[in-house]
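See structure below.
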Amino acid sequence: MIKFKGLHSSKQYMPKKPIKRGYKVWTLADKYGYLWNFDVYTGKSGDKVEKNLGARVVKNLSAPLKNKNYFLYFGNYFTSYTFMSYLKSNGIYACGTVNMTRKHLPQLKDDKSL
């Protein structure tokens, strides 16, 4: 999130974030912080709520990495079983945290049994 307090149609409001108002920018960076690709989020297109926004963003940003055996790491907003399968089929390895309430997850063991 890039802080911005002026008026603009692309400005986002996220009340639970440290920077509450500004431009939301999706980035693809390497482990040294070098920026490879980015996308400025300009809001929803049309009147429909977009499903799988996180997956679409990662697909667009990681398109040049297909079939090159790169590793991606991301948070639970982007992680789903179907998306991880898609990345694997395109030669991109991925690791992400998982929200236990996410749909289509395989049966996982509870913490106590691990």
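All residue names refer to the structure tokens as shown: chains lettered A, B, ... in order, residues numbered from 1 in each chain, ligands numbered from 1 in order.
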
(Q) Excluding Leu61 of chain A and its own-chain neighbours fewer than 3 positions away, which residues fall within 12 Å of it when counting only C-alpha atoms? Please give them as a PyMOL selection string. (A) chain A and resi 25-29+35-40+54-58+64-66+72

(Q) I need the alpha helix (DSSP H) residues of segment 37-112 of chain A per DSSP on the backbone, written as a list in words. (A)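 Reading the DSSP output for segment 37-112 of chain A, alpha helix (DSSP H) covers Leu53, Gly54, Ala55, Arg56, Val57, Val58, Lys59, Asn60, Leu61, Tyr81, Thr82, Phe83, Met84, Ser85, Tyr86, Leu87, Lys88 and Ser89 of chain A.
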
Can I get the selected residues back with all heavy atoms, as a tab-separated table (two decimals), in the first residue's frame?
```tsv
chain	number	residue	atom	x	y	z
A	53	LEU	N	-9.46	-13.21	-7.04
A	53	LEU	CA	-8.63	-12.06	-7.38
A	53	LEU	C	-7.16	-12.35	-7.12
A	53	LEU	O	-6.30	-12.05	-7.94
A	53	LEU	CB	-9.07	-10.83	-6.57
A	53	LEU	CG	-8.16	-9.61	-6.65
A	53	LEU	CD1	-8.17	-9.05	-8.06
A	53	LEU	CD2	-8.59	-8.55	-5.66
A	54	GLY	N	-6.86	-12.97	-5.98
A	54	GLY	CA	-5.47	-13.28	-5.64
A	54	GLY	C	-4.83	-14.19	-6.67
A	54	GLY	O	-3.69	-13.97	-7.09
A	55	ALA	N	-5.55	-15.20	-7.10
A	55	ALA	CA	-5.02	-16.13	-8.10
A	55	ALA	C	-4.78	-15.41	-9.43
A	55	ALA	O	-3.76	-15.62	-10.09
A	55	ALA	CB	-5.97	-17.30	-8.30
A	56	ARG	N	-5.70	-14.55	-9.83
A	56	ARG	CA	-5.54	-13.81	-11.09
A	56	ARG	C	-4.31	-12.91	-11.04
A	56	ARG	O	-3.53	-12.85	-12.00
A	56	ARG	CB	-6.77	-12.96	-11.39
A	56	ARG	CG	-6.63	-12.19	-12.72
A	56	ARG	CD	-7.72	-11.18	-12.94
A	56	ARG	NE	-7.82	-10.15	-11.92
A	56	ARG	CZ	-7.07	-9.07	-11.88
A	56	ARG	NH1	-6.12	-8.86	-12.78
A	56	ARG	NH2	-7.25	-8.16	-10.94
A	57	VAL	N	-4.11	-12.25	-9.92
A	57	VAL	CA	-2.96	-11.35	-9.78
A	57	VAL	C	-1.66	-12.13	-9.88
A	57	VAL	O	-0.74	-11.74	-10.62
A	57	VAL	CB	-3.04	-10.58	-8.44
A	57	VAL	CG1	-1.74	-9.88	-8.13
A	57	VAL	CG2	-4.19	-9.60	-8.46
A	58	VAL	N	-1.56	-13.24	-9.16
A	58	VAL	CA	-0.32	-14.03	-9.19
A	58	VAL	C	-0.10	-14.63	-10.57
A	58	VAL	O	1.03	-14.67	-11.06
A	58	VAL	CB	-0.33	-15.13	-8.09
A	58	VAL	CG1	0.90	-16.01	-8.20
A	58	VAL	CG2	-0.41	-14.50	-6.72
A	59	LYS	N	-1.15	-15.08	-11.23
A	59	LYS	CA	-1.01	-15.62	-12.60
A	59	LYS	C	-0.44	-14.56	-13.53
A	59	LYS	O	0.47	-14.84	-14.31
A	59	LYS	CB	-2.37	-16.09	-13.13
A	59	LYS	CG	-2.83	-17.40	-12.58
A	59	LYS	CD	-4.20	-17.75	-13.17
A	59	LYS	CE	-4.79	-18.95	-12.50
A	59	LYS	NZ	-6.14	-19.28	-13.04
A	60	ASN	N	-0.97	-13.34	-13.45
A	60	ASN	CA	-0.49	-12.27	-14.33
A	60	ASN	C	0.96	-11.89	-14.03
A	60	ASN	O	1.76	-11.70	-14.93
A	60	ASN	CB	-1.38	-11.03	-14.21
A	60	ASN	CG	-2.75	-11.25	-14.81
A	60	ASN	OD1	-2.96	-12.18	-15.57
A	60	ASN	ND2	-3.68	-10.39	-14.45
A	61	LEU	N	1.28	-11.76	-12.74
A	61	LEU	CA	2.63	-11.34	-12.36
A	61	LEU	C	3.68	-12.41	-12.65
A	61	LEU	O	4.82	-12.11	-12.97
A	61	LEU	CB	2.68	-10.95	-10.89
A	61	LEU	CG	1.93	-9.68	-10.49
A	61	LEU	CD1	1.99	-9.48	-8.99
A	61	LEU	CD2	2.46	-8.47	-11.21
A	81	TYR	N	-6.00	-24.74	-3.00
A	81	TYR	CA	-5.55	-26.00	-3.57
A	81	TYR	C	-5.58	-25.97	-5.10
A	81	TYR	O	-4.62	-26.38	-5.75
A	81	TYR	CB	-6.42	-27.15	-3.04
A	81	TYR	CG	-6.04	-28.48	-3.62
A	81	TYR	CD1	-4.89	-29.14	-3.19
A	81	TYR	CD2	-6.80	-29.06	-4.62
A	81	TYR	CE1	-4.52	-30.35	-3.72
A	81	TYR	CE2	-6.45	-30.27	-5.17
A	81	TYR	CZ	-5.31	-30.92	-4.72
A	81	TYR	OH	-4.94	-32.12	-5.26
A	82	THR	N	-6.65	-25.45	-5.67
A	82	THR	CA	-6.76	-25.42	-7.14
A	82	THR	C	-5.70	-24.50	-7.76
A	82	THR	O	-5.14	-24.83	-8.81
A	82	THR	CB	-8.16	-24.96	-7.58
A	82	THR	OG1	-8.48	-23.73	-6.94
A	82	THR	CG2	-9.21	-25.99	-7.20
A	83	PHE	N	-5.41	-23.39	-7.10
A	83	PHE	CA	-4.41	-22.47	-7.62
A	83	PHE	C	-3.00	-23.07	-7.52
A	83	PHE	O	-2.20	-22.94	-8.44
A	83	PHE	CB	-4.47	-21.13	-6.91
A	83	PHE	CG	-3.46	-20.15	-7.40
A	83	PHE	CD1	-3.42	-19.80	-8.74
A	83	PHE	CD2	-2.55	-19.58	-6.54
A	83	PHE	CE1	-2.47	-18.90	-9.22
A	83	PHE	CE2	-1.62	-18.68	-7.00
A	83	PHE	CZ	-1.57	-18.35	-8.34
A	84	MET	N	-2.72	-23.74	-6.42
A	84	MET	CA	-1.41	-24.39	-6.26
A	84	MET	C	-1.23	-25.48	-7.32
A	84	MET	O	-0.14	-25.64	-7.87
A	84	MET	CB	-1.25	-24.97	-4.86
A	84	MET	CG	-1.32	-23.93	-3.76
A	84	MET	SD	0.05	-22.79	-3.80
A	84	MET	CE	1.00	-23.40	-2.46
A	85	SER	N	-2.30	-26.21	-7.63
A	85	SER	CA	-2.24	-27.23	-8.68
A	85	SER	C	-1.98	-26.59	-10.04
A	85	SER	O	-1.21	-27.12	-10.85
A	85	SER	CB	-3.55	-28.02	-8.72
A	85	SER	OG	-3.77	-28.67	-7.51
A	86	TYR	N	-2.61	-25.45	-10.28
A	86	TYR	CA	-2.39	-24.72	-11.54
A	86	TYR	C	-0.92	-24.32	-11.67
A	86	TYR	O	-0.32	-24.49	-12.73
A	86	TYR	CB	-3.29	-23.48	-11.59
A	86	TYR	CG	-2.91	-22.52	-12.68
A	86	TYR	CD1	-3.34	-22.73	-13.99
A	86	TYR	CD2	-2.10	-21.43	-12.42
A	86	TYR	CE1	-2.97	-21.86	-15.00
A	86	TYR	CE2	-1.72	-20.56	-13.42
A	86	TYR	CZ	-2.16	-20.78	-14.71
A	86	TYR	OH	-1.78	-19.92	-15.71
A	87	LEU	N	-0.35	-23.76	-10.60
A	87	LEU	CA	1.04	-23.33	-10.66
A	87	LEU	C	1.97	-24.51	-10.91
A	87	LEU	O	2.89	-24.42	-11.73
A	87	LEU	CB	1.44	-22.62	-9.36
A	87	LEU	CG	0.85	-21.24	-9.14
A	87	LEU	CD1	1.21	-20.73	-7.75
A	87	LEU	CD2	1.30	-20.27	-10.20
A	88	LYS	N	1.73	-25.63	-10.24
A	88	LYS	CA	2.58	-26.81	-10.42
A	88	LYS	C	2.51	-27.31	-11.86
A	88	LYS	O	3.52	-27.70	-12.44
A	88	LYS	CB	2.15	-27.92	-9.46
A	88	LYS	CG	3.06	-29.12	-9.50
A	88	LYS	CD	2.66	-30.16	-8.50
A	88	LYS	CE	3.58	-31.35	-8.59
A	88	LYS	NZ	3.16	-32.43	-7.70
A	89	SER	N	1.32	-27.30	-12.45
A	89	SER	CA	1.18	-27.75	-13.84
A	89	SER	C	1.87	-26.83	-14.83
A	89	SER	O	2.15	-27.22	-15.95
A	89	SER	CB	-0.30	-27.90	-14.21
A	89	SER	OG	-0.92	-26.64	-14.27
```

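The spacing separating atom CA of Ser62 of chain A from atom CA of Asp30 of chain A amounts to 11.7 Å.
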
Q | Interatomic distance, atom CA of Lys44 of chain A to atom CA of Tyr23 of chain A (Å, one decimal) | A |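 Straight-line distance from atom CA of Lys44 of chain A to atom CA of Tyr23 of chain A works out to 13.6 Å.
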
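Note that atom CA of Leu114 of chain A and atom CA of Arg102 of chain A are 20.1 Å apart.
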
Q: Would you mind listing what lies within 6 Å of Gly96 of chain A as a PyMOL selection string, with only C-alpha atoms counted and same-chain residues fewer than 3 positions away left out?
A: chain A and resi 73-75+79

Filtering to N, CA and C atoms, could you give me those residues as a short mmCIF file (atom, residue, chain, number, x, y, z; two decimals), in the first residue's frame?
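Output saved as selection_6.cif:
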```cif
data_model
loop_
_atom_site.label_atom_id
_atom_site.label_comp_id
_atom_site.auth_asym_id
_atom_site.auth_seq_id
_atom_site.Cartn_x
_atom_site.Cartn_y
_atom_site.Cartn_z
N TYR A 73 6.52 -17.64 -2.98
CA TYR A 73 6.06 -17.70 -1.60
C TYR A 73 5.06 -16.58 -1.39
N PHE A 74 3.92 -16.91 -0.80
CA PHE A 74 2.89 -15.90 -0.59
C PHE A 74 2.01 -16.26 0.60
N GLY A 75 1.15 -15.32 0.99
CA GLY A 75 0.29 -15.46 2.16
C GLY A 75 -1.02 -16.18 1.85
N THR A 79 -3.47 -18.38 -1.40
CA THR A 79 -3.31 -19.82 -1.37
C THR A 79 -4.63 -20.56 -1.47
#
```

(Q) Among chain A, which ones does DSSP assign to strand (DSSP E) (computed from the backbone)? Answer as a PyMOL selection string. (A) chain A and resi 2-3+12-13+21-29+35-41+70-74+92-96
